[in-house]
Amino acid sequence: MMNTDNSKPVEFSDYYNPNIYTWCTNCGNYGIHAALKRALVAENISPGNTMMFFDIGCNGNGSDKILGYRMHGLHGRAIPVAVGAHLANRKLQTIAFGGDGASLNEGVNHLVHAIRSDYNILFILHNNENFALTKGQASSATETGRVCDACPDGPVESSINIMSFILAMNPSFAARSFSGDIHQMTDVIRAGIRHQGFSVVEIMQNCPTYNRYSGHEWYQKRVYDVTKLADYDKTDLKAAQNIAQDLKEKIATGVLYEKPRGDFYSKLVNRKDYKTELVEEVKAGEIGKLMEAFR
Amino acid sequence: MSTKRFSIKITGASGQGINSIGEMLAKALKNNGYKIFAYREYPSLIKGGWSSYQIEISDLELASSEEKCDLLVCLDRESFYHYLPTVDAGGVVVHSLIKLKLNETEPLKSGARINEKKYLEDNKIQIEFIDAIAESKSKWGKGIFANTILTGFIWKLLGEPVAEIESELSTFFKNKPEIIPTNIEALRYGYERTTELKQFKLDFKKDNSWQDSYILSGNHVLALGAIQAGTRAYYSYPMTPATSILEYIAETSHQTGILVKQAEDEITAVQLTIGSMFAGTRAFTATSGGGFDLMSETLSLAGMIETPLVVVLAQRSGPGTGLPTWSGAGDLNLAVNAGHGEFPRLVLAISDVASAFIMMQLAFEFAEAFQIPVIVLTEKQIGESLYNFKKFPLSLPIQRYLLNGEALKTVKSEDRYQITESGISPRWLPGSSEQTYDANSDEHWLDGSDSEIAEQNIQMYEKRMRKLTKLQKQLPEPVLYGNLDAENILVGWGSVKGAVIDALAEIENPEKFAYLHYEFMFPLRTNKLNDLVKKGKKISLIEGNYLGQLGKMLQAEIPELKFTDKLLKFNGRPFFVDELSSYFSSK
């Protein structure tokens with residue numbers, strides 16, 4: 001099932017939702033939304049052909065600031081609910097969004113299993129290194145000792161380098177960008193949409209209110225695009241793992257790793273001969289033969 | 001001992017093959033024109049412990065077991081301890097326990113439950129030792145034909161001709177044809193074996209048309225009901241007693257094309273399910289109490305975003321890990337109350353195979369018609385017992401309650417959560433229009449956009465809750481079985497039905513009783529019960545839990561309702577027909 005009217009090219013304004021944004025001035029989410037819309041327009045995917053699944057958090061509050069078939073679901077669960085929808089109808093573009101809290105704290109298991117399962121969806125991981133919507137508590141991406149809300153001495157736990165974590169799971173696509181670079185975000189989101197498999201795009205995100213440590217200017221001085229490196233091989237997992245480690249001095253961005261290996265659905269033996277999507281197949285099942293086995 | 005049925009218990013440690021003996025006998029008996037019901041008890045371990053496969057034989061259709069048995073077959077000592085006290089007076093015990101020493105001391109030696117020698121003598125129970133493994137070894141050089149020898153021997157005790165069990169054995173081993181000839185020899189050897197034991201004669205009318213009947217577990221039929229209803233995806237995490245649903249749907253997935261995913265946990269399973277339902281296919285998940293606990297946040301989500309959801313809650317005895325492989329019906333309160341906040345839901349309870357088939361279809365029907373979560377309760381007793389029946393109940397037509405065709409051309413985003421009198425708003429699937437919406441778990445307004453405006457919040461809340469009122473009106477009243485004018489009314493739900501109705505068919509004074517059976521558990525219909533209360537009937541409660549959960553729900557609706565008796569059972573066992581017959585006879 002898919003909206004078939006693709007005669008008209010998709011425009012940026014098609015995604016316009018009149019609801020007033022509720023993010024802080026200079027929040028990284030503005031840039032991410034702009035890049036997301038640009039990528040969808042560039043891929044000529046209309047809102048009616050998009051399913052978006054938002055987590056709880058500041059990024060989730062963008063669910064009604066854009067168009068598309070959206071679900072603003074439960075904390076930590078954007079990935080599995082998006083996967084369920086995708087498996088039912090692969091003709092639509094499925095995108096899930098979650099913050100560092102949703103992806104590395106509450107719902108970390110889903111991220112792990114989605115990577116190893118190769119579901120063909122795009123996951124945009126908003127990493128602002130804190131729980132911003134609840135006013136700035138530590139997440140597992142918050143640096144050890146960084147003073148924050150409800151943690152006057154800073155967390156004593158070691159922090160997780162999200163991209164290193166993702167690359168340790170042997171993904172088929174992993175990209176990183178930062179919310180100050182709309183062009184690069186657009187490019188990596190487009191690459192993620194095109195990749196057949198589970199595409200993770202980590203976006204290091206400015207949080208002007210609760211993360212005073214690493215703002216846009218801080219990132220701007222440190223990031224570099226791996227595609228600009230003469231000898232970077234994005235199919236080399238070890239190289240990606242090495243380059244992803246540095247979060248202090250020189251921060252690698254762009255598509256760090258991509259190696260297609262077929263997605264989950266296409267590997268299902270019992271679905272090989274089906275030309276239809278699960279949404280198109282709902283009708284009374286044929287149980288006659290199945291019942292015969294029990295006589 | 002009931003004269004309406006004959007029961008055999010085959011008992012042993014896990015791994016000794018008692019299920020194969022049981023299955024072969026059950027099918028052969030059915031093929032011979034008898035009606036059967038089979039019930040299994042087993043521990044939560046892979047090897048050892050004690051377990052039983054019990055077959056009831058009758059010329060009546062059965063949906064329950066006796067606690068007592070007429071013939072006990074024992075393959076290990078621990079089973080002997082546990083099951084000897086269940087052998088009825090005049091019964092027979094066949095065992096293969098080398099150097100069995102009967103306990104005859106008081107107080108008892110550890111392990112034994114009774115003075116075994118005295119029990120055998122007092123009840124005139126015949127006992128015979130067959131060293132089936134040794135006999136198998138001496139005849140064929142290895143012990144593996146022991147169970148086949150025993151099967152042949154049991155068949156002889158039942159007084160049935162050998163041909164039928166031979167043909168069933170060949171069917172049973174059809175994937176290993178090379179082992180059939182020796183097994184047939186072993187079967188005949190067991191059948192022709194001399195014995196001191198009396199031979200039973202199954203004194204039931206044979207029904208030749210019954211040879212074509214089905215033998216299925218409740219979980220098989222539940223899955224078939226879901227397939228009939230157009231299920232295209234099944235997501236689950238293994239948990240007894242729901243695991244056999246996953247196994248069956250996976251095993252048949254090449255025939256059905258159903259997408260099966262064993263999820264990383266129950267939270268994922270139910271999220272995958274609601275995601276697929278949101279996109280517009282039919283999907284469901286099944287689990288037991290512990291897994292269901294993890295799903296409760298998603299029930300609440302489904303209530304808020306008004307997306308259909310079907311979850312099967314296969315009950316076992318809790319709390320905690322509880323009795324993982326035993327039955328129970330203690331999760332009614334859970335099904336009715338799980339999930340934060342207030343939202344409309346439907347709770348259905350399966351009582352047997354016919355009900356499993358219908359309820360799964362109704363679950364999808366109501367979930368989509370009302371855009372609500374539907375919880376289908378079942379029990380280990382229903383899911384894993386084997387029912388013998390001739391005809392599947394009716395298949396219901398599939399309706400989707402979705403906008404399509406012309407309606408999609410004029411639809412607006414704001415229609416999705418339109419405030420309507422019934423509370424049900426138009427729903428259309430992702431991809432079917434460029435008018436999109438937000439299925440928002442935050443409180444929202446018409447197109448799903450956030451709203452914290454009190455007037456809108458009240459309207460949307462009331463809209464959702466109005467669905468509950470409409471739903472309640474559409475649900476049927478409970479069914480009254482037995483003598484409709486009887487003075488004594490028993491009220492219950494779930495697997496209780498089979499045992500009560502079977503008992504009513506076996507007692508001398510059935511006219512004194514009727515049974516009011518609930519399958520639609522929430523929202524509750526109470527008009528029929530209320531009438532009975534007003535007429536001054538003696539109402540008693542029967543449930544597989546400690547609190548009498550349905551009873552309390554009914555009393556909340558009918559304050560005058562007092563229960564004369566409460567039959568509550570929470571030891572992992574189902575209600576047995578003989579215990580209910582004794583109850584009725586005492587009245």
# chains A, B, ... in the order shown; residues from 1 in each chain; ligands from 1

$ residues_around --residues "segment 166-174 of chain A" --least-positions-apart "5" --cutoff "6 Å" --atoms "only C-alpha atoms" --output "compact mmCIF listing (two decimals) with N, CA, C and O atoms, in the first residue's frame"
# COMPACT_ATOMS: atom_id res chain seq x y z
N ILE A 115 20.82 -3.70 15.18
CA ILE A 115 22.06 -3.73 14.39
C ILE A 115 22.34 -5.15 13.92
O ILE A 115 22.60 -5.39 12.74
N SER A 199 20.55 1.36 9.21
CA SER A 199 21.47 2.49 9.09
C SER A 199 21.40 3.33 10.35
O SER A 199 20.33 3.83 10.71
N VAL A 200 22.52 3.47 11.04
CA VAL A 200 22.55 4.32 12.23
C VAL A 200 23.28 5.60 11.87
O VAL A 200 24.42 5.57 11.39
N VAL A 201 22.61 6.71 12.13
CA VAL A 201 23.25 8.00 11.95
C VAL A 201 23.29 8.68 13.32
O VAL A 201 22.25 9.02 13.88
N LEU A 256 31.14 6.59 8.32
CA LEU A 256 32.37 5.96 8.82
C LEU A 256 32.48 4.52 8.34
O LEU A 256 33.57 4.01 8.14
N TYR A 257 31.34 3.88 8.21
CA TYR A 257 31.38 2.46 7.83
C TYR A 257 30.14 2.09 7.04
O TYR A 257 29.02 2.45 7.40
N GLU A 258 30.33 1.37 5.96
CA GLU A 258 29.19 0.86 5.18
C GLU A 258 29.60 -0.39 4.44
O GLU A 258 30.55 -0.39 3.68
N LYS A 259 28.88 -1.47 4.73
CA LYS A 259 29.13 -2.72 4.03
C LYS A 259 27.80 -3.48 3.94
O LYS A 259 27.42 -4.18 4.89
N PRO A 260 27.09 -3.34 2.83
CA PRO A 260 25.77 -3.98 2.73
C PRO A 260 25.89 -5.51 2.80
O PRO A 260 26.86 -6.09 2.30

$ interface_residues --of "chain B" --to "chain A" --cutoff "6 Å" --atoms "only C-alpha atoms" --output "PyMOL selection string"
chain B and resi 212-215+227-230+232+254+257+268+271-272+275-276+279-281+430-434+436-441+449

$ residues_around --residues "Thr144 of chain A" --least-positions-apart "3" --cutoff "10 Å" --atoms "only C-alpha atoms" --output "PyMOL selection string"
chain A and resi 138+140-141+147+153-160

$ select_by_dssp --residues "segment 422-517 of chain B" --states "strand (DSSP E or B)" --output "list in words"
Asp438, Ala439, Asn440, His444, Asp450, Val479, Leu480, Tyr481, Gly482, Asn488, Ile489, Leu490, Val491, Gly492, Trp493, Phe513, Ala514, Tyr515, Leu516 and His517 of chain B

$ atom_distance --atom1 "atom CA of Leu104 of chain A" --atom2 "atom CA of Thr142 of chain A"
11.0 Å

$ atom_distance --atom1 "atom CA of Gln472 of chain B" --atom2 "atom CA of Leu301 of chain B"
21.3 Å

$ residues_around --residues "Ile149 of chain B" --least-positions-apart "2" --cutoff "10 Å" --atoms "only C-alpha atoms" --output "list in words"
Ile130, Asp131, Ala132, Ile133, Glu135, Ser136, Ile144, Phe145, Ala146, Asn147, Thr151, Gly152, Phe153, Ile154, Trp155, Asn183, Ile184, Glu185, Ala186, Leu187, Arg188, Tyr189, Gly190, Tyr191, Glu192 and Arg193 of chain B

$ atom_distance --atom1 "atom CA of Pro426 of chain B" --atom2 "atom CA of Lys275 of chain A"
28.9 Å

$ decode --residues "segment 271-284 of chain A" --atoms "N, CA and C atoms" --output "short mmCIF file (atom, residue, chain, number, x, y, z; two decimals), in the first residue's frame"
data_model
loop_
_atom_site.label_atom_id
_atom_site.label_comp_id
_atom_site.auth_asym_id
_atom_site.auth_seq_id
_atom_site.Cartn_x
_atom_site.Cartn_y
_atom_site.Cartn_z
N ARG A 271 9.42 -15.87 2.99
CA ARG A 271 8.84 -14.70 2.32
C ARG A 271 9.41 -14.50 0.91
N LYS A 272 10.28 -15.40 0.49
CA LYS A 272 11.00 -15.22 -0.78
C LYS A 272 10.08 -15.04 -1.99
N ASP A 273 8.99 -15.82 -2.04
CA ASP A 273 8.15 -15.80 -3.23
C ASP A 273 7.02 -14.78 -3.16
N TYR A 274 6.97 -14.04 -2.10
CA TYR A 274 5.88 -13.06 -1.96
C TYR A 274 6.25 -11.75 -2.63
N LYS A 275 5.32 -11.25 -3.46
CA LYS A 275 5.54 -9.95 -4.09
C LYS A 275 4.81 -8.87 -3.31
N THR A 276 3.93 -9.30 -2.44
CA THR A 276 3.10 -8.35 -1.69
C THR A 276 3.71 -8.04 -0.32
N GLU A 277 3.22 -6.94 0.26
CA GLU A 277 3.60 -6.58 1.62
C GLU A 277 2.58 -7.18 2.60
N LEU A 278 2.99 -7.33 3.85
CA LEU A 278 2.09 -7.92 4.86
C LEU A 278 0.78 -7.14 4.97
N VAL A 279 0.85 -5.82 4.79
CA VAL A 279 -0.39 -5.03 4.88
C VAL A 279 -1.36 -5.39 3.77
N GLU A 280 -0.87 -5.92 2.69
CA GLU A 280 -1.75 -6.24 1.56
C GLU A 280 -2.30 -7.67 1.63
N GLU A 281 -1.90 -8.40 2.65
CA GLU A 281 -2.23 -9.83 2.68
C GLU A 281 -3.29 -10.21 3.69
N VAL A 282 -3.90 -9.22 4.36
CA VAL A 282 -4.85 -9.57 5.42
C VAL A 282 -6.16 -10.06 4.81
N LYS A 283 -6.34 -11.35 4.87
CA LYS A 283 -7.60 -11.97 4.45
C LYS A 283 -7.71 -13.30 5.19
N ALA A 284 -8.88 -13.91 5.13
CA ALA A 284 -9.08 -15.16 5.86
C ALA A 284 -8.00 -16.17 5.49
#
